[in-house]
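Here's the structure, in structure tokens; my notes come after.
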Number of protein chains: 2
Amino acid sequence: MNPLDPKEFRKQGHMIIDFLADYYQNISNYPVLSQVEPNYLKKLLPSSAPSNPESIETILEDYKKHIIPGITHWQSPNYFAYFPSSGSTAGFLGEMLSTGLNVVGFNWISSPAATELENVVIDWLGEILNLPKSFLFKGNGGGVLLGTTCEGILGTLVVARDKILSKIGSENIGKLVVYGSDQTHCAIQKAAHIIGINPKNFRAIKTNKLNSFTLLPELLLSTIENDLKNGLVPCYLCVTVGTTSTTAIDPVGLLCKVAKDYGIWVHVDAAYAGSACICPEFRYLIDGVEDADSFSLNAHKWFLTNLDCCCLWLKDPNSLIKCLSTTNSEYLKNSASDSKQVVDYKDWQVTLSRRFRALKVWIVLRSYGVDNLRNFLRSHIEMAKTFEGLVKMDKRFEIFVPRTLSVICFRILPYSKKVANGKVQNGGVKLISNGDDFVANGKVQNGGVKLISNGEDFVANEINRKLLDSINGSGDVYMTHVKLISSENVVANEINRKLLDSINGSGDVYMTHAMVEGVYVIRCAIGATLTEEMHVVKAWKIVQDHADLILKDRKG
Amino acid sequence: MNPLDPKEFRKQGHMIIDFLADYYQNISNYPVLSQVEPNYLKKLLPSSAPSNPESIETILEDYKKHIIPGITHWQSPNYFAYFPSSGSTAGFLGEMLSTGLNVVGFNWISSPAATELENVVIDWLGEILNLPKSFLFKGNGGGVLLGTTCEGILGTLVVARDKILSKIGSENIGKLVVYGSDQTHCAIQKAAHIIGINPKNFRAIKTNKLNSFTLLPELLLSTIENDLKNGLVPCYLCVTVGTTSTTAIDPVGLLCKVAKDYGIWVHVDAAYAGSACICPEFRYLIDGVEDADSFSLNAHKWFLTNLDCCCLWLKDPNSLIKCLSTTNSEYLKNSASDSKQVVDYKDWQVTLSRRFRALKVWIVLRSYGVDNLRNFLRSHIEMAKTFEGLVKMDKRFEIFVPRTLSVICFRILPYSKKVANGKVQNGGVKLISNGDDFVANGKVQNGGVKLISNGEDFVANEINRKLLDSINGSGDVYMTHVKLISSENVVANEINRKLLDSINGSGDVYMTHAMVEGVYVIRCAIGATLTEEMHVVKAWKIVQDHADLILKDRKG
């Protein structure tokens, strides 16, 4: 048995290349969202590993028969869910070369090219993003390729924590506060929990639709001031450029200015939207980044680099190294490291072992060239404009928040827009949204039926119900209540949920949802590598068809 | 531009397969350890990414010319450094298929097959390791495929921390203590630091050569008792099966028994040696694991699974999920998750995004079959026996610690073994090792030259020097000292360091070193996929040749 026999490797490798080329050729034939039931696979596979070898043909047959039906096809041109995971031939080749070499580049000596190419592409990418020189190796900053943004946030959070604790003493860890908005990625809250921040000290500062769900500097300021008043210590701020729900763009410069005054570490998370910043016309999205401490984007999202690849830049890499280095392991020592002339990436990350990720970034940049990459991203944004235009033309739908890049957040309204704006129709049902004090203040109308909207109302309801019970229980007076049925949003949410389930159940496209201010919106995230204008137009037609069905059912 | 054009993908993919097949064919021609100088690459590559596309032929040419010389060839049959990173055709194919699909399996719905195949292979692997059923999904335990052991340790450490803090209050985090030996992997100390354990509360319990550098249960017990006496709270113990330096095997069962009495979470880190436990004759190495809480091994080390793949099993996955779940992200919600019928792996790990690692494990297991895999590992152990035998036959060398599996720790002695054992020779130079109290107690001998050995002596020296200065400074008496030159070990260390540098500088083989009890040993880690008996025999010949040179130089 020679598991790296070149002849077998060549034969089987070619087989898989053909297999994957066919896969891309026929990818539109598969349901985008896998339609299997939970636990489908266990029943299909043997309960134990085989004692004897099986041929690659047999394995591939099983792969087609058992695995493919359980795949949600992120590379499908009809994939519009979450954020894209945009693979490419160049990204794939880079992965192949990296996997073939199979080097573990934890320090320079373990494969100098792995480290040095990473240094190079970090500066290349930083330059086309027009990052301040202070973030590049050539400006005494630097960066690292990690698996995910979560790792970048975790690492920088540790640095920020340790910096402050070195001043105020580690016994005060319970006082540290981490800031983000209620739209910030869950990674930050998880990372804060992991490093020992009191969960009560994570501030998810409220955003609102009026401000496009961006983090408002004045709210950050007042939150910080309030924390200081309470004896707490501000530590870390995560600014998001392109939130997961609605691609909200937090105002980087203004937020940095607020944070700077308090010595808060600012990380700019541009996981998805950062890629667009290679286009000069979108660079403004990260204006002010020169005042941040760290910046990251995921090349595996919207930069044609196959999974996984998060690019993290820092102005002061030494602060990271100071926190994450492991100098006590003699077996990792070598004269190159001792010379301090080299980067040992093990000291820039949480884990020791690491893959040679720079290869794929290098090949993507060279294989397509920066101009083409810019145009490729622009083409997705153009397609998003097309989709947005189509939504706007259908009076049953609304664009919920203005589109920033290639994600459209929309929803169907259960009544015409006019009705939704507050006029009574449909058998005397009044639709009111966001009526915090509604139950407390409102008058009974329309046959005693009122519609309330969101969580605040439900809390109010509960209190009023208790109050009424208490009043009536006293025997002194007797009052009655109105029955509260679902609000406009509750109704709308339910319909949009049904619509999305119906769309995704078809297997024709896959979109996902977000919930903002209690409103369920459908997200159409454009950026899959194979998506073209026609797929976007078809996707909208599919949404409309399913909307027709849903609304017909409702009336029926 | 279509970056996933099937025709281009096919053409370029075949090109890379041929390229890699040739690489494996000719891999012995490359120097194993890269011989480049720091910062070699920056000078060779342009300072900016290209604006226009370049052909894959041009890129591959540059890859050969600029990248390959900077590669340390972990797949070379002459690679004996660190631990192996044993790639295989099956592992490579699995990676290709995973990279081709490029799915992000953070939850079940995002690709049910990715999650369910992971469940399946975790149970398959657990079964061939003969892990207690309580660690398998079929026994209400379960596991997850992570990138590295570091992630597994970090995750389980958070669980252990939170379990205790929920009882004693998070303000007491400073009291938690984490245990390992002075041979435990640096990952544990780093993870402990990350989660907020006071660095003073990491116990690297001393091991010694007499006990083969294993963690002694009685020392663990007394350390715990001492911590309790001081008001501290024992939290987590990392038991290592196969330490990095010398493949020491901590006694799993006995250590678990000690830890259990104090409610300490026990993680068994079998990153390298765990693979061998699929062979019944080596399964005893993890005897007692039924009393541990979690267990991990790295399939990318010695299980033919290309980077990266750490398998982590837990008896109580819910405890992990409780700590690491992110249920507040509406955009990740879906009915499958709500049904609680599925596993969402995002809640089992630090990061959100994750690659489809199960494919490669599945294909490795099926493509080779369990019997062949067992025999393959046995063949490495046989080769290690051969190497060990060769070392023993050369009187200039010693095996420093008994070999456990496929790693041999050896060193050359500057004098014959007889001399090293303490007899006076060589011009009146006496060699004494481990003589803690030597300077304090010793008599001046051999022309006033004495050799001391390790760190303890150096501390003693410093104290005696101060004492003498102080005595003489008083003016009351006057005494003199003997000049202390380097001990047997300091001399030996220097020679072994030179020997290893010389060997690695040749490019013919690559080995690394460890430092245990102040002794520098050379490690020969056998397990690269292409290594055969003849490579091991040749490797020893190379060591001998370089030893000849070094010793000749010394005499000259």
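Letters for chains follow the order of the structure tokens (A, B, ...), residue numbers begin at 1 for each chain, and ligand numbers begin at 1 in the order shown.
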
Surrounding residues of Asn211 (chain A) excluding itself and chain neighbours under 3 positions, 10 Å, only C-alpha atoms, as a PyMOL selection string: chain A and resi 207-208+214-216+248+250+401

Deliver the residues from the most recent selection as a file, using N, CA, C and O atoms, as a JSON list (two decimals), in the first residue's frame.
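That gives us again.json:
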[["chain", "number", "residue", "atom", "x", "y", "z"],
["A", 207, "THR", "N", -30.05, 49.66, 17.02],
["A", 207, "THR", "CA", -30.10, 50.38, 15.75],
["A", 207, "THR", "C", -31.56, 50.52, 15.35],
["A", 207, "THR", "O", -32.44, 49.91, 15.96],
["A", 208, "ASN", "N", -31.81, 51.33, 14.34],
["A", 208, "ASN", "CA", -33.19, 51.43, 13.86],
["A", 208, "ASN", "C", -33.23, 51.63, 12.35],
["A", 208, "ASN", "O", -32.23, 51.95, 11.72],
["A", 214, "THR", "N", -27.55, 51.19, 11.23],
["A", 214, "THR", "CA", -26.13, 51.44, 11.50],
["A", 214, "THR", "C", -25.95, 51.84, 12.96],
["A", 214, "THR", "O", -26.87, 52.35, 13.60],
["A", 215, "LEU", "N", -24.77, 51.61, 13.44],
["A", 215, "LEU", "CA", -24.44, 51.98, 14.82],
["A", 215, "LEU", "C", -24.22, 53.49, 14.88],
["A", 215, "LEU", "O", -23.33, 54.02, 14.20],
["A", 216, "LEU", "N", -24.99, 54.17, 15.71],
["A", 216, "LEU", "CA", -24.90, 55.63, 15.78],
["A", 216, "LEU", "C", -23.81, 56.06, 16.77],
["A", 216, "LEU", "O", -23.82, 55.63, 17.92],
["A", 248, "ALA", "N", -25.81, 46.75, 6.57],
["A", 248, "ALA", "CA", -25.67, 48.09, 7.15],
["A", 248, "ALA", "C", -24.17, 48.41, 7.26],
["A", 248, "ALA", "O", -23.36, 47.54, 7.54],
["A", 250, "ASP", "N", -21.70, 50.59, 9.26],
["A", 250, "ASP", "CA", -21.44, 51.46, 10.41],
["A", 250, "ASP", "C", -20.45, 52.55, 9.98],
["A", 250, "ASP", "O", -19.53, 52.28, 9.20],
["A", 401, "VAL", "N", -34.98, 47.82, 3.34],
["A", 401, "VAL", "CA", -33.93, 48.83, 3.58],
["A", 401, "VAL", "C", -33.22, 49.10, 2.27],
["A", 401, "VAL", "O", -33.09, 48.19, 1.45]]

Within 9 Å of Cys409 (chain B) using only C-alpha atoms, minus same-chain residues under 4 positions, as an MDAnalysis selection string: chainID B and resid 245:246 388 398:403 513:514 521:525

Residue nearest chain B - candidates A:Tyr478, A:Tyr520, A:Trp265, A:Phe9, atoms counted: only C-alpha atoms: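 Once distances to chain B are computed over only C-alpha atoms, the minimum belongs to A:Phe9.
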
Residues of region 456-554 of chain A in alpha helix (DSSP H), written as an MDAnalysis selection string: chainID A and resid 456:474 488:506 533:554

Nearest residue to chain A from the set B:Asp287, B:Asp469, B:Asp293, B:Glu330 (distances using only C-alpha atoms): B:Glu330

Residue nearest Ala114 (chain B) among A:Thr351, A:Ser34, A:Thr404, A:Asn2 (counting only C-alpha atoms): A:Ser34

Residue with smallest distance to chain B - pool A:Tyr345, A:Tyr40, A:Trp302, A:Phe202, counting only C-alpha atoms: A:Tyr40

Distance query Tyr284 (chain B) at most 12 Å, only C-alpha atoms, self and fewer than 5 positions along chain excluded, as a list in words: Leu129, Asn130, Leu131, Val241, Ile249, Asp250, Pro251, Val252, Gly253, Ala273, Gly274, Ala276, Cys277, Ile278, Cys279 and Val289 of chain B

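For the set B:Gly288, B:Pro317, B:Gly87, B:Pro77, the residue with the smallest atom-to-atom gap to chain A is B:Gly87, counting only C-alpha atoms.
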
Nearest candidate to Ile128 (chain A) (options B:Ala160, B:Ile68, B:Ala49, B:Leu33; using only C-alpha atoms): B:Ala49

Within 9 Å of Tyr272 (chain A) using only C-alpha atoms, minus same-chain residues under 6 positions, as a ChimeraX atom specification: /A:83-84,241-244,247,297-303

Residue neighbourhood Leu237 (chain B), 8 Å, only C-alpha atoms, exclusion window fewer than 2 positions, as a count of residues only: 10

Selection near Arg497 (chain B), 12 Å with only C-alpha atoms, sequence-local residues under 4 positions removed, as JSON, numbers by chain: {"A": [333, 334, 335], "B": [411, 412, 413, 414, 489, 490, 491, 492, 493, 501, 502, 503, 504, 505, 511, 512, 513, 514, 515, 519, 520, 521, 522, 523, 546, 547, 550]}

All strand (DSSP E or B) positions in region 13-231 of chain B, as number ranges by chain: B: 79-80, 142-146, 176-181, 202-205

Å distance separating CA of Thr240 (chain B) from CA of Leu136 (chain B), one decimal place: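 If I compute the distance from CA of Thr240 (chain B) to CA of Leu136 (chain B), I get 20.8 Å.
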
Contacts of Phe19 (chain B) at 12 Å (only C-alpha atoms; same-chain gap of 5+ positions) as a list in words: Pro6, Phe9, Arg10, Gly13, His14, Leu93, Met96, Leu97, Gly100 and Leu101 of chain A; Gln12, Gly13, His14, Tyr24, Gln25, Asn26, Ile27, Ile56, Glu57, Leu60, Glu61, Tyr63 and Lys64 of chain B

Restricting it to N, CA and C atoms, dump the selection as a compact mmCIF listing (two decimals), in the first residue's frame.
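Writing done, so here's again.txt:
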# COMPACT_ATOMS: atom_id res chain seq x y z
N PRO A 6 2.34 7.96 -7.16
CA PRO A 6 2.06 8.98 -8.18
C PRO A 6 1.12 8.50 -9.28
N PHE A 9 -2.33 8.43 -7.83
CA PHE A 9 -2.71 9.82 -7.56
C PHE A 9 -3.17 10.48 -8.85
N ARG A 10 -2.39 10.27 -9.90
CA ARG A 10 -2.70 10.90 -11.19
C ARG A 10 -4.04 10.39 -11.71
N GLY A 13 -6.88 11.49 -9.34
CA GLY A 13 -7.00 12.96 -9.37
C GLY A 13 -7.72 13.42 -10.62
N HIS A 14 -7.34 12.87 -11.77
CA HIS A 14 -8.02 13.23 -13.02
C HIS A 14 -9.50 12.89 -12.95
N LEU A 93 -7.50 25.69 -7.55
CA LEU A 93 -6.12 25.26 -7.85
C LEU A 93 -5.19 25.58 -6.69
N MET A 96 -5.67 23.04 -4.12
CA MET A 96 -5.06 21.76 -4.53
C MET A 96 -3.56 21.78 -4.28
N LEU A 97 -2.92 22.86 -4.70
CA LEU A 97 -1.47 22.94 -4.53
C LEU A 97 -1.11 22.93 -3.06
N GLY A 100 -1.79 19.48 -1.69
CA GLY A 100 -0.79 18.56 -2.21
C GLY A 100 0.52 18.67 -1.45
N LEU A 101 0.96 19.89 -1.21
CA LEU A 101 2.19 20.08 -0.43
C LEU A 101 1.98 19.65 1.01
N GLN B 12 -7.37 23.25 -16.46
CA GLN B 12 -6.41 23.68 -15.45
C GLN B 12 -6.29 22.66 -14.32
N GLY B 13 -7.41 22.05 -13.97
CA GLY B 13 -7.40 21.03 -12.92
C GLY B 13 -6.51 19.85 -13.29
N HIS B 14 -6.64 19.38 -14.53
CA HIS B 14 -5.79 18.27 -14.98
C HIS B 14 -4.31 18.67 -14.93
N TYR B 24 5.17 14.33 -6.46
CA TYR B 24 5.36 13.16 -5.59
C TYR B 24 6.41 12.21 -6.19
N GLN B 25 6.40 12.12 -7.51
CA GLN B 25 7.38 11.26 -8.20
C GLN B 25 8.82 11.71 -7.89
N ASN B 26 9.01 13.02 -7.89
CA ASN B 26 10.38 13.56 -7.79
C ASN B 26 10.70 14.18 -6.44
N ILE B 27 9.86 13.92 -5.47
CA ILE B 27 9.96 14.68 -4.22
C ILE B 27 11.31 14.48 -3.52
N ILE B 56 -2.20 30.47 -16.32
CA ILE B 56 -1.87 29.50 -15.27
C ILE B 56 -0.47 28.92 -15.53
N GLU B 57 -0.07 28.87 -16.76
CA GLU B 57 1.28 28.38 -17.09
C GLU B 57 2.34 29.30 -16.47
N LEU B 60 2.34 28.85 -12.70
CA LEU B 60 2.98 27.59 -12.31
C LEU B 60 4.50 27.66 -12.47
N GLU B 61 4.93 28.37 -13.48
CA GLU B 61 6.36 28.55 -13.68
C GLU B 61 6.96 29.27 -12.47
N TYR B 63 5.65 29.42 -9.56
CA TYR B 63 5.49 28.53 -8.41
C TYR B 63 6.71 27.61 -8.29
N LYS B 64 7.09 27.05 -9.43
CA LYS B 64 8.27 26.15 -9.43
C LYS B 64 9.54 26.91 -9.08
